[in-house]
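Visitor: Before anything else, here's the structure in question.
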Amino acid sequence: MPNLIIGVIDLSKSNFVIVTSPTVAGYKIKKVLGVVTGLAPRTRGVGGKFRAGLQSLKGGEITAFTSEIEKARVQAMERAMEKAKEIGANAIISMDLETSDIGGTITLISATGTAVIIEPE
């Protein structure tokens, strides 16, 4: 398996591959198992909104939101990976990450891809 680290998910230790491409270099797809999705909804508490409001006054990046969104992205990918493992996959191809706003108070990160079994060529 390729040695990959995505966010804080160290895939090299789990022998699991996640890629955004429809193929994995050096591997062939033995079996397609289906679509998997991991969701990670987030909302900011009063303290976080206050800090973000102060940061927005001076302009630039709102680090309070950046940190939470990064955690949610990793969590969504981990959830998709766990679902893929449950159905026997050792990889997810064509991973797509999307962000949605729900009602102006919730940010939803979704990680969707195709669970597959791969083997070296």
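So you can find residues: chains in the structure tokens are A, B, ... in the order shown, residues in each start at 1, and ligands are numbered from 1 in order.
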Could you pull the residues within 9 Å of Ile106 in chain A, counting only C-alpha atoms, minus those fewer than 6 positions along the same chain, as an mmCIF file with N, CA and C atoms, in the first residue's frame?
Guide:
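Dumped everything to selection23.cif:
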```cif
data_model
loop_
_atom_site.group_PDB
_atom_site.id
_atom_site.type_symbol
_atom_site.label_atom_id
_atom_site.label_comp_id
_atom_site.auth_asym_id
_atom_site.auth_seq_id
_atom_site.Cartn_x
_atom_site.Cartn_y
_atom_site.Cartn_z
ATOM 1 N N PRO A 41 -21.397 16.997 10.972
ATOM 2 C CA PRO A 41 -22.020 18.313 11.169
ATOM 3 C C PRO A 41 -21.333 19.073 12.299
ATOM 4 N N ARG A 42 -21.247 20.377 12.153
ATOM 5 C CA ARG A 42 -20.610 21.208 13.173
ATOM 6 C C ARG A 42 -21.431 22.478 13.382
ATOM 7 N N THR A 43 -21.464 22.932 14.614
ATOM 8 C CA THR A 43 -22.039 24.222 14.953
ATOM 9 C C THR A 43 -21.081 24.919 15.917
ATOM 10 N N ARG A 44 -21.041 26.209 15.852
ATOM 11 C CA ARG A 44 -20.166 26.973 16.748
ATOM 12 C C ARG A 44 -20.945 27.370 17.991
ATOM 13 N N SER A 100 -21.662 22.040 3.287
ATOM 14 C CA SER A 100 -22.994 22.617 3.147
ATOM 15 C C SER A 100 -23.322 23.418 4.397
#
```
Visitor: To one decimal in Å, tell me the separation between CA of Ile118 in chain A and CA of Ala80 in chain A.
Guide: 16.8 Å
Visitor: Would you please work out which residue, of A:Ile109, A:Asp96, A:Ala91, A:Ala72, is nearest to Ile18 in chain A when using only C-alpha atoms?
Guide: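 The closest residue to Ile18 in chain A is A:Ala91.
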Visitor: Please determine, counting only C-alpha atoms, which residue among A:Asp101, A:Glu86, A:Glu121, A:Glu78 has the shortest atom-to-atom distance to Gly38 in chain A.
Guide: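 Using only C-alpha atoms, the shortest distance to Gly38 in chain A belongs to A:Glu78.
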Visitor: Write out as a list of chain:residue names the residues lying within 9 Å of Ala111 in chain A, counting only C-alpha atoms and excluding same-chain residues fewer than 3 positions away.
Guide: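 Near neighbours after the sequence-gap exclusion: A:Val36, A:Thr37, A:Gly38, A:Leu39, A:Ala40, A:Arg73, A:Ala76, A:Met77, A:Glu78, A:Arg79, A:Ala80, A:Met95, A:Asp96, A:Leu97, A:Glu98.
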Visitor: For the residues in that selection, give me C-alpha atoms as a compact mmCIF listing (two decimals), in the first residue's frame.
Guide:
```
# COMPACT_ATOMS: atom_id res chain seq x y z
CA VAL A 36 -19.82 5.23 1.10
CA THR A 37 -20.36 8.54 2.86
CA GLY A 38 -19.15 10.02 6.12
CA LEU A 39 -20.88 13.06 7.58
CA ALA A 40 -19.61 15.51 10.19
CA ARG A 73 -13.11 17.10 7.35
CA ALA A 76 -16.00 12.77 7.79
CA MET A 77 -13.19 10.92 5.99
CA GLU A 78 -12.66 8.59 8.96
CA ARG A 79 -16.40 7.81 9.06
CA ALA A 80 -16.43 7.02 5.33
CA MET A 95 -13.31 10.72 -2.76
CA ASP A 96 -15.25 13.98 -2.88
CA LEU A 97 -15.43 16.42 0.03
CA GLU A 98 -18.29 18.90 0.21
```
Visitor: Check the smallest atom-to-atom distance from each of A:Leu108, A:Ala115, A:Val19, A:Ile102 to Lys85 in chain A using only C-alpha atoms, then report the winner.
Guide: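 Residue with the minimum atom-to-atom distance to Lys85 in chain A: A:Ala115.
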Visitor: Please report the interatomic distance between CA of Ser21 in chain A and CA of Ser67 in chain A in Å with one decimal.
Guide: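 Distance reported for this atom pair: 26.0 Å.
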Visitor: Pick the closest to Thr20 in chain A from A:Lys83, A:Gly103, A:Ser94, A:Glu119: which is it, counting only C-alpha atoms?
Guide: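 Among the listed residues, A:Ser94 lies closest to Thr20 in chain A.
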Visitor: Point out the residue among A:Pro120, A:Gly34, A:Thr99, A:Ala25 with the least atom-to-atom distance to Glu70 in chain A, counting only C-alpha atoms.
Guide: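 Going through A:Pro120, A:Gly34, A:Thr99, A:Ala25 one by one, the smallest distance to Glu70 in chain A is for A:Thr99.
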